[in-house]
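Asks: Sending over a structure as structure tokens; questions will come in a sec.
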Amino acid sequence: MSNILELRDVTRVFGDRTVLDRVSISIRQGSFTTLLGASGCGKSTSLRIMAGLDRPSGGDVLLDGKTVSGLTAYERNVAMVFQSYALYPHLTVAQNIALPLTMRHLSTLGRVPVLGSLVPGASEARRMILAKVGETAEALGLGELLDRKPGQLSGGQKQRVALGRALVRDPSLFLLDEPLSNLDARLRVRMRSEISALHRRTGKAFIYVTHDQTEAMAMADQIVVMIGGKVAQAGAPRELYERPANRDVAAFVGHNAINFLEQGDGIEIGNSVAGLRPEDLSPDTAGTLSARLESAEYLGSEIVLGLRSAKGTEIRAIAPGDYAVPAPGSELRLGFSPRKLHLFDATTGARLETAA
Amino acid sequence: MRLSPDQRSALTSLWLAGPATLAMVVFIFLPVAIVAVLSFTDYQFGASSFNWSGLDNYIKLFTSSIGQRAITNTLLYVAIVIPFSVGFGLFVAIGLHQMSTWAPRLSNVMKTVYFLPVAATLVAMSVAWQMVLHPSLGIVNQSLAALGAAPQNWLSDRGLVLYTLAMIGIWQSIGYNMVLFLAGLAAIPSDLYDAAEVDGAGSGWSRFWTVTWPMLGPTTLFVMVVTATNAFRVFETVATMTKGGPAFASDTLVYALYREGFVYFKAGYASAITMVFFVFLLVLTLLQFRVVEKKVHYR
Amino acid sequence: MSRKILGRSVQTLLLSVGAAFILLPFVWMLSLSVKPRDEIFTTDVHFLPSRFEWSNFTFALTETDIPLFLWNGLVMVAGILVFQILFAVPCAYALAQRQFAGRSLVFGLVLGALLVPFHVTAIPIFLGFAQIGLLNTFWALIIPFIPTAFGIFLFRQFFAQLPSDLFDAARVDGMSETSIVWRIAFPLALPAATAFAIFSVTAHWNDLFWPLIATTDPGLATPPRGILYFRDQESGDNVGPLMAAAVITTAPLVIAFLLAQRKFIQGIASGGLKG
């Protein structure tokens, strides 16, 4: 399948700070890619460079196989949804959604309120815009709100207007910068599936920036994990979860924070670090690991156990919901499947493929 | 040829910021430089050439009796206006602030009244003041006569005229200072007053000294400097009512600069007056920036 | 309790005396403007005329150039405001929302220009205008006030508070920087623009210094300049019409103030930051 967008060795330097360091990312046509990372890792800068809002200090940006470093955001025909929604507060919902179309289909003169209708072709263009805005708004359930100003909308509605403004112009690519981070938890889950549905419906490539690994895992077919201005790993969610390329990726991906065990924590791993996810570690009288129980969080379907090894390392393990929790302070034996053990180099943090 | 994005961006910035920047350079910075240079010459408007005259213009300003008059009059005017305008402004603001709790309508009307002179055209009001203070037809002298007191030549008595102008200066600026003080008063959290009440400072007087005055300190400093900078520029009232007279008794720096420069066309000398005026104001304005900074830190 | 009432009474009395002092010239001006001639030239104290003499106003509006002066004032004030905004808003936007070489230099110039009162620049500007024959034109009244450091500063502060996402969104939507300035930034800055407009209009409508210098043609006189022409012509015996003229000149701003007090006070008080 062909790549719609490609970053090749993109570097971005602000003053003496290197924000992006030889970043290469490929986005397949029609894919849903998530740029995942902590704040300040360079994921938003990457997105802005893809959009054409920022320019790389080095490297190349290719759109549909052609270099676009000389093109503006508008010329690249990308749509972007911002974290703060960036709706124009003085325009109505309809005007907000229509703006990209008015800029495209009406001349400067044609945009003038009354005079504009005298310009040849302007009224047809206006009718076309009106129809398209109505269509888009209807699809997003905004039909009732067209005459409101953004100030009168709820967070979820603003989000939909921002999506509408992106959708209305039929872009080659959708860029979304943490679009759900200002919503409350329940609305976030709902908008998540709406965005996924939108992706399926348009068939266009989506690039989605987030710091929330759950969001990334749930929506993406490719996740690019960025750490310290570099691409730490790119791949399908399952690949990232099952074969993290290094310690940091292992720490970032996965609902429960991964345990890192060293030699002396009850396993023989020599001079490397072992990563073991809490969900892969459970009480087992025949287990090889031993640790003292400190706390237990009952979550219904499961119980999260907080333990400490003899060496003092914190370990979390997950027991089934019906597990009878012993008194705090008891020594527990924990078992795991060797296939689930990830080994990392103690100094570089890189994955060691010779694991058990 | 197609420009690179960086070049396009730089051109856009130039298009946006360039005109205003150019206008500032041509109409503000260049003139300041020219005035500074002219102040060391004997240039006259319309003359085809000029001679360098060193510090002559400045010496003339500081040693001639007329020059000294303009400087001392301005300083005296400022010295009178500051305490009265700031003091009355503070008094009115506190009064209206308190009144707003038990008679908000009246308080608002009064606020409007006190602010009226700030919005009114000062030249027109000066013409009105001239009639108020008219030696025979004015309400002031008529009232004095009715009370059996001696009428005064408010605007033509050499010993009185500057004080009359200062009084009008105060009249004009109280409202402005009141507004600034009202903003300062509104910013004082009301729980401070409750705390003072609990601590036994309940009466109006002790409330003022324990809470209001210390909290208004930075505002007061700011108001004083603003009043001073405005008073330094006194021109409209002088030009309308006295033209600096009688016998230069009400001459001020800006009026002298106008007269010497644009009535007698002595550009060199007028430039020296300008520079002295500028330095006075510069010192005050820098002081004002310091005060504003302090005010921000205080909050 | 009675102490409180006494305190309030004293306070109200003092404030009323002060207010009366403030109102004195306004009342006397109004009073003289509607008094018949013989009642003006009397030595008895009368605030109210025995009959209202509207002919003073008729005279001022028909027999003198007062309407022309008002028109001149309007043209000048509008011209100054339009050009000030045309120059200041794009510059303020660039300073607040764009990166470019020399940005801090330009902002430094703005702060520096805030320190320069107009009076300081009057002589060279007069010289320059005399050179190119611009004196005694409307342009002479308008051009010197176009670069407004205060306006640039005010708008910059406002634009700096707006989220930069908003402008990025507009760029993605295909707006040029110029249309971002006028279609997005400026409409959002309307509160700042109102404050600035009130400040600018009040300052220039009331200004005497520059009109006195830049124009000698009575046909170009602004209201303050015009009142002085009128007063000096009449040499003191046409007090009624003169006061009517003063009322007419003061009225536009005072009425505007009474109608939009809060905005007016905000606008003029914001000028307190100006040097």
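In the structure tokens, the first chain shown is A, the next is B, and so on; residue numbers restart at 1 for each chain, and ligands run from 1 in the order shown.
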When you get a sec, could you note down which chain B residues fall within 7 Å of chain C, using only C-alpha atoms, as an NGL selection string?

Replies: :B and (10 or 13 or 16-17 or 19-21 or 23-24 or 27-28 or 31-32 or 34-35 or 92 or 95 or 110 or 113-114 or 119-125 or 128-129 or 132 or 136-137 or 139 or 142-143 or 171 or 226 or 236 or 262 or 274 or 278 or 282 or 285)

Asks: Any chance you could tabulate, as CSV, the residues of chain B at most 9 Å from chain A with each one's nearest atom pair and distance in Å to one decimal, using only C-alpha atoms, in chain and rising number order?

Replies:
```
residue,atom,partner,partner_atom,distance
B:Leu3,CA,A:Gly70,CA,8.6
B:Ser4,CA,A:Gly70,CA,6.2
B:Pro5,CA,A:Gly70,CA,5.6
B:Asp6,CA,A:Arg55,CA,8.8
```

Asks: Please report as CSV every residue of chain A lying within 12 Å of chain C, along with the nearest atom pair and their distance in Å (one decimal), using only C-alpha atoms.

Replies:
```
residue,atom,partner,partner_atom,distance
A:Phe14,CA,C:Gln99,CA,11.9
A:Ser44,CA,C:Asp165,CA,11.9
A:Arg48,CA,C:Asp168,CA,9.3
A:Met50,CA,C:Val172,CA,11.5
A:Ala51,CA,C:Val172,CA,7.8
A:Gly52,CA,C:Val172,CA,8.5
A:Leu53,CA,C:Asp168,CA,6.9
A:Asp54,CA,C:Asp168,CA,10.0
A:Leu71,CA,C:Val172,CA,11.5
A:Thr72,CA,C:Val172,CA,8.1
A:Ala73,CA,C:Val172,CA,5.1
A:Tyr74,CA,C:Gly174,CA,4.8
A:Glu75,CA,C:Gly174,CA,7.8
A:Arg76,CA,C:Val172,CA,8.9
A:Asn77,CA,C:Val172,CA,7.9
A:Val78,CA,C:Val172,CA,7.1
A:Ala79,CA,C:Val172,CA,6.7
A:Met80,CA,C:Val172,CA,6.9
A:Val81,CA,C:Ala169,CA,7.9
A:Phe82,CA,C:Asp165,CA,6.7
A:Gln83,CA,C:Asp165,CA,8.2
A:Ser84,CA,C:Asp165,CA,7.2
A:Tyr85,CA,C:Asp165,CA,8.0
A:Ala86,CA,C:Leu166,CA,4.4
A:Leu87,CA,C:Leu166,CA,6.7
A:Tyr88,CA,C:Leu166,CA,7.0
A:Pro89,CA,C:Leu188,CA,7.6
A:His90,CA,C:Leu188,CA,6.6
A:Leu91,CA,C:Ile184,CA,9.2
A:Gln95,CA,C:Arg183,CA,12.0
A:Asn96,CA,C:Asp173,CA,10.1
A:Ile97,CA,C:Asp173,CA,9.9
A:Ala98,CA,C:Asp173,CA,9.8
A:Leu99,CA,C:Asp173,CA,6.9
A:Pro100,CA,C:Asp173,CA,4.6
A:Leu101,CA,C:Asp173,CA,8.2
A:Thr102,CA,C:Gly174,CA,9.3
A:Met103,CA,C:Gly174,CA,6.0
A:Arg104,CA,C:Gly174,CA,7.3
A:His105,CA,C:Gly174,CA,10.9
A:Leu106,CA,C:Gly174,CA,11.8
A:Ser107,CA,C:Met175,CA,11.8
A:Thr108,CA,C:Ser179,CA,9.4
A:Arg111,CA,C:Arg183,CA,10.8
A:Val112,CA,C:Arg183,CA,11.0
A:Ala162,CA,C:Ala169,CA,9.7
A:Leu163,CA,C:Ala169,CA,11.9
A:Arg165,CA,C:Asp173,CA,8.5
A:Ala166,CA,C:Asp173,CA,8.6
A:Leu167,CA,C:Asp173,CA,11.4
A:Val168,CA,C:Asp173,CA,10.7
A:Arg169,CA,C:Asp173,CA,9.1
A:Asp170,CA,C:Asp173,CA,11.9
A:Pro171,CA,C:Asp173,CA,10.6
A:Leu173,CA,C:Val172,CA,11.8
A:Phe174,CA,C:Val172,CA,11.2
A:Leu175,CA,C:Val172,CA,10.6
A:Leu176,CA,C:Ala169,CA,11.6
A:Asp177,CA,C:Asp165,CA,10.3
```

Asks: Let's see if you can do this: from backbone DSSP, list all helix (DSSP H, G or I) residues in segment 87-266 of chain C, as an MDAnalysis selection string.

Replies: chainID C and resid 87:97 103:114 118:131 138:145 149:161 164:172 177:188 190:206 209:214 218:220 223:234 239:259 261:266
